[in-house]
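First the structure, in the form of C-alpha cells, and then the observations on it.
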Amino acid sequence: THGRAMFTLAHRAMAGYDEADYVLTDGERICSTAIGWNFGDGHMHNEQLIAALQKRCDFEPGEVRVLLLDAQPI
C-alpha cells in the first residue's frame, strides 16, 4: 500500500461524509471478491470495475468511494 498518502487522500475523498460510515480496505480485496480470485494485479482497479460494481450491487451515489493511487518512478 501507499501508507500515509492513501489515508490522506481517502480522508479528502470522504470530505463532507461521516467517516464512521465507511470501511477503508485495499482494492485487491474488492476486486478479488468481485471476480472470484486474487492474482495480485492492482491494475485491474479502474473506472470500468467501479461502474460494474455500482451497477450489479445497486450502490447509491457516494456509498462506495474509490481512490486510485499508483507509484511513479522519479
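How things are named: the first chain in the C-alpha cells is A, the next is B, and so on; residues count from 1 in each chain; ligands count from 1 in the order shown.
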
Checklist entry - Excluding same-chain residues fewer than 5 positions from Leu49 in chain A, what lies within 9 Å of it counting only C-alpha atoms, as a PyMOL selection string? => result chain A and resi 31+34+44+54

Requested write-out: N, CA and C atoms of the selected residues, as a PDB file, in the first residue's frame:
```pdb
ATOM      1  N   CYS A  31     -11.598  -6.241  -5.606  1.00  0.00           N
ATOM      2  CA  CYS A  31     -11.505  -6.863  -6.925  1.00  0.00           C
ATOM      3  C   CYS A  31     -11.558  -8.382  -6.829  1.00  0.00           C
ATOM      4  N   ALA A  34     -15.038  -9.515  -6.190  1.00  0.00           N
ATOM      5  CA  ALA A  34     -15.922  -9.320  -7.340  1.00  0.00           C
ATOM      6  C   ALA A  34     -15.682 -10.332  -8.455  1.00  0.00           C
ATOM      7  N   MET A  44      -6.142  -3.806 -12.334  1.00  0.00           N
ATOM      8  CA  MET A  44      -7.499  -4.099 -12.780  1.00  0.00           C
ATOM      9  C   MET A  44      -8.507  -3.166 -12.107  1.00  0.00           C
ATOM     10  N   GLN A  54     -21.016  -0.838  -9.166  1.00  0.00           N
ATOM     11  CA  GLN A  54     -22.164   0.004  -8.840  1.00  0.00           C
ATOM     12  C   GLN A  54     -23.433  -0.525  -9.500  1.00  0.00           C
TER      13      GLN A  54
END
```

Could you pull out the helix (DSSP H, G or I) residues of chain A from DSSP and send them as a JSON list (two decimals) with C-alpha atoms, in the first residue's frame?
```
[["chain", "number", "residue", "atom", "x", "y", "z"],
["A", 3, "GLY", "CA", 0.62, 4.35, 3.56],
["A", 4, "ARG", "CA", 0.16, 7.94, 4.58],
["A", 5, "ALA", "CA", -0.64, 9.18, 1.08],
["A", 6, "MET", "CA", -3.52, 6.74, 0.75],
["A", 7, "PHE", "CA", -5.07, 7.72, 4.08],
["A", 8, "THR", "CA", -4.65, 11.44, 3.40],
["A", 9, "LEU", "CA", -6.38, 11.09, 0.03],
["A", 10, "ALA", "CA", -9.07, 8.83, 1.48],
["A", 11, "HIS", "CA", -9.98, 11.48, 4.05],
["A", 12, "ARG", "CA", -10.22, 14.05, 1.25],
["A", 13, "ALA", "CA", -12.46, 11.72, -0.80],
["A", 19, "GLU", "CA", -16.08, 8.65, 8.01],
["A", 20, "ALA", "CA", -17.56, 6.25, 10.58],
["A", 21, "ASP", "CA", -19.96, 5.08, 7.85],
["A", 27, "GLY", "CA", -8.64, -2.50, -3.65],
["A", 28, "GLU", "CA", -7.34, -6.00, -4.27],
["A", 29, "ARG", "CA", -9.80, -7.28, -1.67],
["A", 30, "ILE", "CA", -12.69, -5.64, -3.54],
["A", 31, "CYS", "CA", -11.50, -6.86, -6.93],
["A", 32, "SER", "CA", -10.82, -10.43, -5.78],
["A", 33, "THR", "CA", -14.26, -10.63, -4.18],
["A", 34, "ALA", "CA", -15.92, -9.32, -7.34],
["A", 35, "ILE", "CA", -14.14, -11.55, -9.85],
["A", 42, "GLY", "CA", -3.90, -3.86, -8.78],
["A", 43, "HIS", "CA", -4.09, -2.52, -12.34],
["A", 44, "MET", "CA", -7.50, -4.10, -12.78],
["A", 47, "GLU", "CA", -13.38, 3.14, -13.63],
["A", 48, "GLN", "CA", -14.75, 0.14, -15.54],
["A", 49, "LEU", "CA", -14.62, -2.07, -12.43],
["A", 50, "ILE", "CA", -16.22, 0.67, -10.34],
["A", 51, "ALA", "CA", -19.09, 1.09, -12.83],
["A", 52, "ALA", "CA", -19.66, -2.67, -12.95],
["A", 53, "LEU", "CA", -19.77, -2.93, -9.15],
["A", 54, "GLN", "CA", -22.16, 0.00, -8.84],
["A", 55, "LYS", "CA", -24.48, -1.49, -11.45],
["A", 56, "ARG", "CA", -24.54, -5.00, -10.01],
["A", 57, "CYS", "CA", -24.63, -4.06, -6.32]]
```

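Among A:Met14, A:Gly62, A:His45, A:Ala71, the residue with the shortest atom-to-atom distance to Asp26 in chain A, counting only C-alpha atoms, is A:His45.
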